[in-house]
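**Q** Starting off with a structure, shown below.
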Amino acid sequence: MRKLIAGLVLGTALATMPLSANAETPKNALVMAFSIDDIITLDPAEIFEFSGAEYAGNTYDRLIGFDNKDVSKIHGVVAESWDVSEDGKTFTFKIRDGIKFASGNPLTAEDVAFSLQRVILLDQSPAFILGQFGLTPDNVMEKIRMTDDMTVVMELDQPFAPTFVLYCLTAGVGAVVDKAEVMAHEKDGDLGHEWLRTAYAGSGPFALNKWTAGESLSLTANEEYWDGVPEMKRVIIRHVAEAASQQLLLEKGDIDIARNLEADQIASLQNSDTIKFQNQPKGGLWYLGLSQKNEYLSNPKVREALKYLVDYDGISSTILAGRSTVHQAFLPDGFLGALNDNPYTLDVEKAKALLAEAGLPDGFNVSMDTRNTTAIMGMAQSIQATWALAGINLEIIPGDGGQTLTKYRARQHDIYIGRWGPDYQDPHTNASTFAWNPDNSDEASAKPLAWRNAWDAGDLTAKTDAAILERDTEKRVAMYHELQRDVMANGPFVIMFQETEIASLRNNVHNLDLGPSFDNNYYRFVTKD
Amino acid sequence: MTQDLILSVRNLHVGFNTAKGAIEAVRGVSFDLGRERLGIVGESGSGKSQTGRAILGLTAANGHIRADRLQFHDTDLRNLSPRDWRKVRGARISMIMQDPKYSLNPVMTVGDQIIEAYREHFKVNNREAKRRAIEMLESVKIRDPELVFKSYPHEVSGGMGQRVMIAMMLIPEPELIIADEPTSALDVTVQLQVMAILDDLVRERGMALIFISHDLHLVSSFCDRVLVMYQGRVVEEIAASNLDQAQHPYTRGLLNCLPKMDGNHADLPVLARDAAWETQDLT
Amino acid sequence: MTQTTSRLFKPGLRPWLTSDTPQSRFQARCGRAWMGWLKLAENRLAMVGLGIVLSLVLVTLLAPVLAPYDPLAADLTKRIQSPNAQHWFGTDQLGRDILSRVIYGAQYTLMVVALVVITAAPVGLLVGTIAGFFGGWVDSVLMRITDIFLAFPKLILALAFVAALGPGLENAILAIALTAWPPYARIARAETLTVRKSDYIYAARLQGVSNTGLILGHITPMCLSSLVVRVTLDMAGMILIAAGLGFLGLGAQPPMPEWGAMVSEGRQFLLEQWWVSTVPGIAIFIVSLGFNLLGDGLRDVLDPRGGD
Amino acid sequence: MIEIENLNVWFGENHVLKDVSFDVPLNGSFGLVGESGSGKSTVLRTITGLVDDWEGRITIADKNLGPKRDIAFYRDVQMVFQDPFGSLHPRHTIDRILSEPVDVHKLGNSDARVIEALKQVGLDNSFRFRYPHQLSGGQRQRVAIARALILKPKILLLDEPTSALDVSIQAEVLNLLSALRRDLGLTYIMVSHDLAVVAHMCDDIAIMNLGRIVERATARQLADGHLDHPYSQQLFRAAAGYDRAIIDSFVDWD
Amino acid sequence: MFSVLRSNRDGRKRARLFSGTGGSFIRLVFSLIITLFGLLLVTFLIGRVLPIDPVLAAVGDRAPQAVYDRVREEMGLNLPLWQQFYIYVSNILQGDFGRSVLTSRPVLDDIKRVFPATLELATVATIIGVALGIPMGVFAAVHKGKWPDHLVRIFGLVGYSMPIFWLGLMGLMIFYMKLGWVAGPGRLDAFYVDFIEPTTGLMLIDTLIEGDMDLFWNAVSHIILPASILAYFSLAYIARMTRSFMLEQLGQEYILTARVKGISETRIIWRHALGNVMVPLVTVIALSYANLLEGSVLTEIIFSWPGLGQYITNSLLKADMNAVLGGTIVVGAVFIGVNLLSDVLYRLLDPRARR
């Protein structure tokens with residue numbers, strides 16, 4: 001009994017005592033709340049997830065980079081310079097001297113060649129980015145080779161536009177891994193893949209300290225980084241799933257940056273004197289995919305009507321406030337050839353007229369697979385409400401990401417509301433999915449978004465293929481403009497918004513470098529007062 | 001027999017508030033008790049147990065006691081504080097309950113329960129208390145007191161349990177023992193053995209005893225004096241030896257309706273109840 | 001007028017109900033119910049609970065009359081307004097009136113409760129009484145199955161079920177029922193075990209009553225009271241699990257104004273625009289409280305032992 | 001009418017009945033006396049088929065009993081239990097309790113039969129729709145007897161039918177049972193711990209101890225105290241009431 | 001007339017085989033195995049009917065078809081169902097729970113990491129729940145029908161009736177944000193996350209092992225709020241059950257005996273009655289503990305508590321079936337283990353249940 005009372009007293013004491021220490025993160029460490037439970041691997045040859053890519057972007061050096069402020073400015077990173085052969089099929093890279101891996105090994109052409117070959121040989125999800133150049137596991141050892149300690153040569157099967165090739169090398173597959181370190185952990189000829197999934201062998205501004213899946217990721221600064229040592233000696237990324245929890249942590253000062261605040265939370269913090277925001281338009285597009293297997297949606301008039309039935313401005317200024325801009329073409333702003341005119345606005349009368357033309361004056365019933373996140377649900381419900389004005393009865397089928405996506409990929413949806421993020425910085429990445437569908441049968445081997453929505457893209461497929469071979473940039477831009485206009489008018493996509501990332505920062509945090517894609521958000525320049 | 005008066009009860013009423021209205025379980029019971037064995041007999045619902053409990057102030061929470069006089073030696077048992085009650089209970093008045101299966105705490109050893117009863121009233125150390133407890137177990141004729149001391153209630157038989165109960169209730173040497181149907185859960189031979197033990201101990205220590213039972217036969221053969229209760233009232237008071245001369249038709253009826261071992265299979269005389277018994281005063 | 005009716009009512013019905021010598025089966029049953037009601041009516045908290053539950057039914061029935069707005073009418077220009085004269089409980093993220101949504105949401109809450117009760121309770125009762133009555137291998141098999149479901153993480157089982165059938169209120173209800181029956185089976189079995197050996201079951205068996213007759217006519221009524229009590233107490237839990245599934249996005253589908261989903265949708269505004277999430281939260285709380293109070297009162301009436 | 005030969009019963013490891021044999025003639029009344037644990041109730045439970053693990057021979061009305069009792073068996077043999085509080089279903093009205101056996105055996109005309117059975121045990125029609133808790137102990141035991149009688153059985157097994165009742169009520173119930181046997185020509189086996197009750201009710205008596213019948217006696221022999229076995233003698237002496245002198249001679253029999 | 005002697009001796013022998021202590025142990029183990037196997041089978045089947053593509057979880061949305069097909073084959077999903085189950089069970093028997101798709105690690109390692117978090121939270125919550133629930137239940141029972149009873153009842157019912165996510169967020173807002181009494185989401189301040197090398201995985205113990213009192217208090221201040229909120233639920237349940245058990249015990253004869261002995265009411269309540277109440281209460285506490293050990297998904301999400309509940313839920317939603325199966329087996333085993341433990345405790349507390 002006495003113990004019980006003691007326990008009681010202790011319990012009450014604990015419950016009422018101010019236990020939390022003064023919340024203030026150390027000056028030389030960056031603490032960030034971020035939804036990182038999508039990371040399933042740390043091997044740059046396999047990483048294809050948003051936060052995984054951000055990790056790789058900060059810990060590995062890539063062959064080529066671009067300026068976050070102006071994507072058209074491409075520069076070398078590991079490659080000091082490059083040459084393109086006359087016929088446009090051979091690229092020769094000169095490797096930068098003086099880069100060191102975290103292991104202490106110097107970075108050489110051997111590592112670069114190995115890294116690129118490894119991507120093809122492992123054949124994981126992102127391998128296709130290099131595979132587009134005709135590289136296969138069978139030929140890659142001869143197509144990519146080092147000619148001397150500091151030179152790597154890459155041979156392509158067609159004379160692709162150089163910008164296309166270089167942009168592809170700015171992606172995660174262009175990351176250079178430490179061959180000696182990786183091969184030391186090779187098992188059963190897996191090129192160290194099994195090991196690297198949870199380990200690190202890079203030369204970037206930060207090195208991996210520890211990854212606890214679904215929990216935290218911590219990095220330490222590379223004190224010998226060739227391009228300037230980061231001021232933050234440690235970066236700690238904590239997985240915080242609940243946005244409200246992120247907000248609390250940020251307001252309280254337990255973290256420096258919150259990455260996943262929702263629009264309304266941001267709105268409510270606009271007047272805060274301790275928190276500021278940093279916006280960066282991203283390549284992600286919010287769109288509706290309209291399955292052409294659906295009898296109503298396959299009607300071009302209906303598709304057009306639906307494009308007039310979204311409250312673009314309303315959603316973007318409320319539900320997605322600050323987190324998006326209206327954008328209706330399949331190339332996001334900032335991409336080569338991106339089209340920025342947005343012809344569609346909410347116009348119920350026009351939509352009704354189009355529906356009447358389509359023989360559906362009273363509307364119809366249709367369902368939409370909807371991922372159950374706040375933003376998507378909000379958009380879906382707004383769309384549901386505006387479509388109802390034209391008599392279209394939209395049933396929202398909510399589901400988890402995995403679920404809705406499974407259905408989408410199996411072409412079992414009517415409408416899918418989703419986000420598409422480009423894989424690399426070249427326009428082909430989106431053209432090849434929105435405007436390209438070589439085989440519209442259920443058994444097709446290539447399954448771009450056009451295929452998922454059962455849309456026969458017709459001659460757009462050929463036009464897309466032609467665009468990557470056009471070496472004249474201006475002509476190439478014109479080709480993409482045409483593709484975008486065509487898809488905008490006829491495609492089975494209601495492209496609505498371009499994503500803007502908003503990071504919420506404590507006032508004393510500066511110089512977070514957010515890039516146009518999820519793999520170029522850099523921590524290396526961050527400073528704190 | 002009533003040379004020195006121990007307990008005096010006058011016009012005792014015990015009532016209960018229940019969902020179905022107020023019930024009077026005891027209605028004006030009066031008696032005096034000396035160093036003797038007094039039997040209270042009655043059928044179920046006659047108020048005999050409630051009379052016993054009222055003396056110990058153990059009437060249930062929804063009940064209330066009223067009496068002109070409820071005097072135990074110099075202590076007025078009406079309106080005692082809980083503190084004062086604790087000095088009376090166990091130490092001066094004690095009670096033996098019906099079924100040891102339910103009236104002993106199942107999760108405490110027999111020894112602990114006896115020691116607890118002793119140490120509540122005597123400031124002695126544990127070893128001394130244990131010695132006394134073992135002694136007491138011996139005196140209720142338990143053959144292996146050490147073993148029983150360490151046993152839990154479910155490990156001893158009904159007869160043994162009731163002996164434990166007696167030991168526990170007698171160890172603080174109270175002056176008055178109330179035995180409420182102490183043997184009705186036991187087989188007949190065991191029942192008599194337990195009563196013999198109680199009898200011996202009470203005699204040796206000069207204690208007074210109130211023996212409450214439904215068994216007129218048993219009570220009359222055991223006690224000195226008998227109160228017969230009916231519907232909350234005492235209808236007859238009689239010396240046990242004179243039971244066969246009982247006057248009240250109720251008492252006589254009770255005696256008559258018992259089956260006898262006379263080989264006679266004829267119908268038993270049935271008690272014919274008279275409404276007047278419920279109000280008539282004891283003459 | 002009320003006076004006359006009550007005067008007519010009182011001398012006529014009360015003695016009939018409280019009669020110690022009822023003249024028909026119907027009267028006996030009514031009398032029994034009346035006594036139970038009197039006992040329940042004494043418990044003021046239970047009456048509060050009953051009042052809440054009845055209000056829930058009433059609100060469900062009268063939703064179209066009571067609700068000031070269309071619960072589905074979104075208007076982005078009016079989003080997240082704090083409580084005001086036009087919108088007593090404010091508006092949500094799509095500018096819908098929260099009061100109207102809460103009123104319309106009552107029916108889903110009632111539906112959750114009713115459907116779970118009519119699915120889980122009979123299943124648990126049947127499994128438990130059969131297992132307890134027959135014992136032996138029947139008991140072993142049924143109790144192993146019960147154990148498997150009990151040992152399953154409840155929310156996981158519900159989640160898996162909802163994930164398999166697709167999200168939606170009906171499936172969420174089924175999933176809850178699926179996780180709710182094992183405890184009932186346990187209770188019914190325990191009750192059956194104590195009842196099974198009793199003399200009146202033995203007596204009925206000696207009358208030649210069949211096993212089915214024993215289970216349905218003799219054992220089940222004895223299990224019913226503890227089950228009713230437990231079910232009533234569980235209702236709050238069911239509403240909360242349904243809300244929890246709603247929170248995970250697997251319960252009711254938008255724009256259905258289910259309370260759990262509403263709390264869930266509004267939680268991102270909880271820190272600043274508290275009412276969006278709190279109003280349906282309070283509604284859940286009040287109804288759960290109502291069922292709990294009623295269950296507590298019923299326990300006192302039906303289950304004098306008070307234990308579980 | 002009833003013949004029992006070398007009945008042995010086991011409860012798991014416990015051998016609770018050892019070679020019990022007796023017989024009861026038609027319209028006879030047989031008493032089994034013993035203290036708790038003597039096995040007297042087990043005899044009745046075995047006859048009614050509640051005990052699985054037994055061997056020996058039980059013959060009722062010239063029919064050998066097998067492992068299972070069929071429904072017809074219960075038309076012939078009925079039982080009255082010790083505790084009238086426990087043997088009536090607390091949630092059933094008297095009407096339901098009495099009409100159920102009529103319905104089960106499809107005898108029909110249940111209303112008349114219920115009224116008749118109530119009348120037989122001296123209860124009027126006003127009891128019909130009450131619940132057991134609204135009845136006194138004696139009234140309940142009458143209902144229990146009425147339930148046993150409603151199938152018009154030939155044999156009634158009585159398991160301490162009055163030990164939970166006050167003596168005045170006991171007398172009424174015993175009288176009722178005697179009258180019923182007389183009027184309906186029933187055969188009784190009665191189990192009791194009370195020597196006087198058995199002596200009053202039965203013609204033949206067996207005294208049981210630790211699963212065995214230690215002595216057989218007639219009611220006359222019992223009345224005269226003609227008992228041979230020391231256990232029965234002790235039981236007989238104990239029944240005479242409290243006598244301090246005799247008690248010390250008691251021996252423990254377990 | 002022929003007479004048949006009935007003999008049932010064989011049946012008796014059979015009965016004896018299972019009646020001993022050994023028999024009941026064998027039966028217990030057997031039923032445990034059956035239960036676990038059933039759990040496995042049900043989980044496995046759920047995994048197969050789930051309309052989520054497990055391959056997708058591994059390769060991501062944008063993987064080319066060829067990669068998708070290869071991974072599908074690697075995962076053994078092209079085999080017939082029974083074969084997949086057979087492979088899975090035989091792997092488990094060899095202690096191999098497979099690899100989680102989501103974390104690229106062996107499931108067993110993941111569980112070793114997430115289970116202690118849940119264990120710690122559930123244990124602290126149960127301790128709080130018991131420490132407050134029992135006295136409250138006793139208090140209510142002793143004052144049955146009076147205001148303390150109503151107060152405890154209402155307090156308990158409020159706990160029963162509150163959506164936990166709402167309570168959790170509100171708790172954070174008030175105690176963390178506004179009052180600053182406790183620390184926020186997570187098991188430690190974010191900055192400390194990799195300061196502690198998990199030895200036991202229990203933060204409160206690991207920090208003590210490291211001897212870092214600052215970190216220990218940090219861990220305490222993190223666990224206290226989620227544990228209290230979970231505790232509120234078990235507290236409500238425990239208080240309620242304590243009350244009704246207590247009322248039952250207070251009506252028993254032995255309480256009267258104790259009063260007759262002149263024992264103080266305090267001792268009667270806390271020693272005599274509570275001693276008996278603890279017997280059935282152990283089962284109640286064990287059950288609520290077992291339920292907490294399943295991992296409270298919602299609490300874990302709101303408090304960013306990397307526990308088992310969240311792990312299994314996430315795995316399930318991403319069709320990471322190895323992880324779900326492994327987690328379910330652990331939960332099932334824990335559930336069964338806690339029940340066994342309560343059985344043992346029951347025997348310890350109730351002399352009648354001892355042999």
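Labels for the structure tokens follow display order: chains A, B, ..., residues from 1 in each chain, ligands from 1.
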Would you kindly report the residues of chain C within 12 Å of chain B, using only C-alpha atoms, as a PyMOL selection string?

**A** chain C and resi 18+35-36+38-40+42+301

**Q** Just list the residues in stretch 50-150 of chain C DSSP gives helix (DSSP H, G or I) on the backbone, as a PyMOL selection string.

**A** chain C and resi 50-66+76-78+98-134+136-150

**Q** Please report as CSV every residue of chain C lying within 9 Å of chain A, along with the nearest atom pair and their distance in Å (one decimal), using only C-alpha atoms.

**A**
residue,atom,partner,partner_atom,distance
C:Leu72,CA,A:Ala385,CA,8.1
C:Ala73,CA,A:Ala385,CA,7.2
C:Ala74,CA,A:Ala385,CA,6.2
C:Asp75,CA,A:Ser382,CA,8.4
C:Leu76,CA,A:Gly314,CA,6.5
C:Thr77,CA,A:Gly314,CA,7.9
C:Arg79,CA,A:Thr318,CA,8.3
C:Gln93,CA,A:Ile319,CA,7.6
C:Leu94,CA,A:Ser382,CA,7.0
C:Ala163,CA,A:Gly399,CA,8.0
C:Gly166,CA,A:Gly399,CA,7.4
C:Pro167,CA,A:Gly399,CA,6.4
C:Gly168,CA,A:Pro398,CA,8.1
C:Leu248,CA,A:Asn372,CA,8.0
C:Gly249,CA,A:Asn372,CA,5.6
C:Leu250,CA,A:Gly399,CA,6.7
C:Gln253,CA,A:Pro398,CA,6.5
C:Pro254,CA,A:Ile396,CA,6.6
C:Pro255,CA,A:Gln381,CA,6.7
C:Glu265,CA,A:Thr374,CA,6.9
C:Arg267,CA,A:Ala244,CA,7.3
C:Gln268,CA,A:Ala244,CA,5.5
C:Phe269,CA,A:Gln265,CA,6.5
C:Leu270,CA,A:Ala244,CA,7.7
C:Leu271,CA,A:Ala244,CA,7.4
C:Glu272,CA,A:Ser268,CA,6.8
C:Gln273,CA,A:Ser268,CA,8.8

**Q** Those residues with N, CA and C atoms, as a tab-separated table (two decimals), in the first residue's frame please?

**A**
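The resulting file, part16.tsv, is reproduced below:
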chain	number	residue	atom	x	y	z
C	72	LEU	N	-23.92	18.90	-47.35
C	72	LEU	CA	-22.92	18.62	-48.38
C	72	LEU	C	-22.56	19.85	-49.20
C	73	ALA	N	-23.29	20.95	-48.99
C	73	ALA	CA	-23.10	22.12	-49.84
C	73	ALA	C	-21.77	22.81	-49.51
C	74	ALA	N	-20.81	22.61	-50.43
C	74	ALA	CA	-19.51	23.23	-50.21
C	74	ALA	C	-19.49	24.63	-50.81
C	75	ASP	N	-18.82	25.50	-50.15
C	75	ASP	CA	-18.67	26.87	-50.66
C	75	ASP	C	-17.33	27.38	-50.19
C	76	LEU	N	-16.35	27.34	-51.13
C	76	LEU	CA	-14.98	27.64	-50.72
C	76	LEU	C	-14.82	29.06	-50.21
C	77	THR	N	-15.77	29.92	-50.52
C	77	THR	CA	-15.63	31.29	-50.05
C	77	THR	C	-15.96	31.42	-48.56
C	79	ARG	N	-15.08	29.12	-46.19
C	79	ARG	CA	-14.44	28.04	-45.45
C	79	ARG	C	-13.87	28.49	-44.09
C	93	GLN	N	-13.50	23.04	-43.76
C	93	GLN	CA	-12.51	23.44	-44.76
C	93	GLN	C	-13.11	23.63	-46.15
C	94	LEU	N	-14.31	23.09	-46.39
C	94	LEU	CA	-14.95	23.31	-47.68
C	94	LEU	C	-16.12	24.28	-47.56
C	163	ALA	N	-9.44	-2.78	-45.79
C	163	ALA	CA	-8.57	-2.67	-46.95
C	163	ALA	C	-8.97	-3.69	-48.01
C	166	GLY	N	-12.46	-2.63	-49.29
C	166	GLY	CA	-12.54	-1.26	-49.77
C	166	GLY	C	-13.12	-0.41	-48.67
C	167	PRO	N	-12.63	0.84	-48.56
C	167	PRO	CA	-13.08	1.70	-47.47
C	167	PRO	C	-14.54	2.04	-47.64
C	168	GLY	N	-15.17	2.39	-46.57
C	168	GLY	CA	-16.58	2.73	-46.61
C	168	GLY	C	-17.18	2.38	-45.28
C	248	LEU	N	-8.14	7.22	-40.03
C	248	LEU	CA	-7.15	6.66	-40.94
C	248	LEU	C	-7.63	6.70	-42.38
C	249	GLY	N	-8.82	7.28	-42.58
C	249	GLY	CA	-9.31	7.43	-43.94
C	249	GLY	C	-10.00	6.20	-44.47
C	250	LEU	N	-10.29	5.23	-43.59
C	250	LEU	CA	-10.87	3.99	-44.07
C	250	LEU	C	-12.32	3.83	-43.66
C	253	GLN	N	-17.00	7.54	-46.29
C	253	GLN	CA	-16.44	8.22	-47.45
C	253	GLN	C	-16.91	9.67	-47.48
C	254	PRO	N	-16.02	10.53	-47.89
C	254	PRO	CA	-16.46	11.90	-48.08
C	254	PRO	C	-17.49	11.93	-49.21
C	255	PRO	N	-18.39	12.79	-49.21
C	255	PRO	CA	-18.55	13.90	-48.25
C	255	PRO	C	-19.45	13.53	-47.07
C	265	GLU	N	-10.76	14.97	-40.48
C	265	GLU	CA	-10.50	15.98	-41.50
C	265	GLU	C	-10.12	17.32	-40.87
C	267	ARG	N	-8.53	17.84	-38.11
C	267	ARG	CA	-7.47	17.85	-37.10
C	267	ARG	C	-6.31	18.74	-37.49
C	268	GLN	N	-6.14	19.00	-38.78
C	268	GLN	CA	-5.03	19.88	-39.14
C	268	GLN	C	-5.31	21.33	-38.76
C	269	PHE	N	-6.57	21.63	-38.49
C	269	PHE	CA	-6.87	22.99	-38.05
C	269	PHE	C	-7.03	23.06	-36.54
C	270	LEU	N	-6.82	21.92	-35.88
C	270	LEU	CA	-7.16	21.83	-34.46
C	270	LEU	C	-6.47	22.91	-33.64
C	271	LEU	N	-5.24	23.22	-34.03
C	271	LEU	CA	-4.48	24.12	-33.19
C	271	LEU	C	-4.98	25.55	-33.27
C	272	GLU	N	-5.53	25.94	-34.41
C	272	GLU	CA	-6.00	27.31	-34.55
C	272	GLU	C	-7.53	27.35	-34.65
C	273	GLN	N	-8.08	26.56	-35.59
C	273	GLN	CA	-9.54	26.57	-35.77
C	273	GLN	C	-10.11	25.34	-35.10

**Q** Would you return as a list in words the members of stretch 182-279 of chain A that DSSP assigns to strand (DSSP E) on this structure's backbone?

**A**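 So, restricting stretch 182-279 of chain A to strand (DSSP E), we get Phe206, Ala207, Leu208, Asn209, Lys210, Trp211, Thr212, Ser216, Leu217, Ser218, Leu219, Thr220, Ala221, Arg234, Val235, Ile236, Ile237, Arg238, His239, Ile257, Ala258, Ile275, Lys276, Phe277, Gln278 and Asn279 of chain A.
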
**Q** Using only C-alpha atoms, which residues of chain C come within 7 Å of chain E, and what is the closest atom pair for each, with the distance in Å to one decimal? Give it as JSON lines, sorted by chain and residue number.

**A**
{"residue": "C:Arg144", "atom": "CA", "partner": "E:Thr35", "partner_atom": "CA", "distance": 6.0}
{"residue": "C:Asp147", "atom": "CA", "partner": "E:Thr35", "partner_atom": "CA", "distance": 6.6}
{"residue": "C:Ile148", "atom": "CA", "partner": "E:Thr35", "partner_atom": "CA", "distance": 5.4}
{"residue": "C:Ala151", "atom": "CA", "partner": "E:Gly332", "partner_atom": "CA", "distance": 4.8}
{"residue": "C:Phe152", "atom": "CA", "partner": "E:Gly332", "partner_atom": "CA", "distance": 6.0}
{"residue": "C:Pro153", "atom": "CA", "partner": "E:Glu294", "partner_atom": "CA", "distance": 5.6}
{"residue": "C:Ile156", "atom": "CA", "partner": "E:Thr313", "partner_atom": "CA", "distance": 6.5}
{"residue": "C:Ala160", "atom": "CA", "partner": "E:Ile46", "partner_atom": "CA", "distance": 6.4}
{"residue": "C:Ala163", "atom": "CA", "partner": "E:Leu50", "partner_atom": "CA", "distance": 6.1}
{"residue": "C:Ala164", "atom": "CA", "partner": "E:Leu50", "partner_atom": "CA", "distance": 4.4}
{"residue": "C:Ala236", "atom": "CA", "partner": "E:Ser161", "partner_atom": "CA", "distance": 6.0}
{"residue": "C:Leu240", "atom": "CA", "partner": "E:Pro163", "partner_atom": "CA", "distance": 5.8}
{"residue": "C:Leu271", "atom": "CA", "partner": "E:Met173", "partner_atom": "CA", "distance": 7.0}
{"residue": "C:Gly281", "atom": "CA", "partner": "E:Pro163", "partner_atom": "CA", "distance": 6.9}
{"residue": "C:Phe285", "atom": "CA", "partner": "E:Ser161", "partner_atom": "CA", "distance": 5.0}
{"residue": "C:Ser288", "atom": "CA", "partner": "E:Ser161", "partner_atom": "CA", "distance": 4.9}
{"residue": "C:Leu289", "atom": "CA", "partner": "E:Ser161", "partner_atom": "CA", "distance": 5.6}
{"residue": "C:Asn292", "atom": "CA", "partner": "E:Leu157", "partner_atom": "CA", "distance": 6.6}
{"residue": "C:Arg305", "atom": "CA", "partner": "E:Glu248", "partner_atom": "CA", "distance": 6.5}
{"residue": "C:Gly306", "atom": "CA", "partner": "E:Ser244", "partner_atom": "CA", "distance": 5.4}
{"residue": "C:Gly307", "atom": "CA", "partner": "E:Ser244", "partner_atom": "CA", "distance": 5.3}

**Q** Using only C-alpha atoms, which chain B residues lie at most 8 Å away from chain D, written as a ChimeraX atom specification?

**A** /B:43-44,187-189,192-193,196,214,217-218,221-222,253-254,257-265,267-271

**Q** For each of A:Asn58, A:Thr220, A:Asn105, A:Thr92, take the minimum atom-to-atom distance to chain E, counting only C-alpha atoms, then give the residue where this is smallest.

**A**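 For chain E, the nearest of the candidates is A:Thr220.
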
**Q** Measure the distance from atom CA of C:Gln27 to atom CA of D:Pro132 in Å and round it to one decimal.

**A**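 Separation between atom CA of C:Gln27 and atom CA of D:Pro132: 15.4 Å.
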
**Q** Tell me which protein, DNA and RNA residues are within 6 Å of stretch 107-115 of chain E, counting only C-alpha atoms, leaving out same-chain ones fewer than 2 positions away, and put them as an NGL selection string.

**A** :E and (97-100 or 117-119 or 306-308 or 323)

**Q** I need the chosen residues saved as a CSV table (one decimal), in the first residue's frame, with N, CA and C atoms.

**A**
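That gives us part_12.csv:
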chain,number,residue,atom,x,y,z
E,97,PHE,N,11.9,-14.5,-40.5
E,97,PHE,CA,10.6,-13.8,-40.7
E,97,PHE,C,10.6,-13.1,-42.0
E,98,GLY,N,11.7,-13.2,-42.8
E,98,GLY,CA,11.8,-12.5,-44.0
E,98,GLY,C,12.2,-11.1,-43.9
E,99,ARG,N,12.3,-10.4,-45.0
E,99,ARG,CA,12.8,-9.1,-45.1
E,99,ARG,C,11.6,-8.1,-45.3
E,100,SER,N,11.7,-7.0,-44.6
E,100,SER,CA,10.6,-6.0,-44.9
E,100,SER,C,10.9,-5.3,-46.2
E,117,ALA,N,9.5,0.1,-28.1
E,117,ALA,CA,8.9,1.4,-28.0
E,117,ALA,C,7.5,1.3,-27.5
E,118,THR,N,6.8,0.3,-28.1
E,118,THR,CA,5.4,0.0,-27.6
E,118,THR,C,5.4,-0.5,-26.2
E,119,LEU,N,6.3,-1.4,-26.0
E,119,LEU,CA,6.4,-2.1,-24.6
E,119,LEU,C,6.5,-1.0,-23.6
E,306,PRO,N,7.6,5.6,-32.6
E,306,PRO,CA,7.8,4.5,-33.6
E,306,PRO,C,7.6,3.1,-33.0
E,307,GLY,N,6.3,2.8,-32.8
E,307,GLY,CA,6.0,1.6,-32.2
E,307,GLY,C,5.4,0.5,-33.1
E,308,LEU,N,5.0,-0.6,-32.5
E,308,LEU,CA,4.6,-1.7,-33.2
E,308,LEU,C,3.3,-1.5,-34.0
E,323,ALA,N,6.3,-8.0,-43.1
E,323,ALA,CA,6.3,-7.2,-41.8
E,323,ALA,C,5.0,-7.4,-41.1

**Q** Could you write out as an MDAnalysis selection string the residues of chain E within 12 Å of chain B, counting only C-alpha atoms?

**A** chainID E and resid 142:145 249:268 271:279 346:355

**Q** Set the distance at 6 Å and use only C-alpha atoms: which residues neighbour C:Val229 once local chain neighbours fewer than 2 positions away are removed? I'd like the list as a VMD selection string.

**A** chain C and resid 226 to 227 231 to 232 295 299

**Q** From the list C:Val276, C:Leu142, C:Leu45, C:Ala180, which residue is nearest C:Leu126 when using only C-alpha atoms?

**A** C:Leu142

**Q** Just how far from atom CA of B:Met136 is atom CA of B:Ala167, in Å to one decimal?

**A**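 Distance between the two atoms: 5.6 Å.
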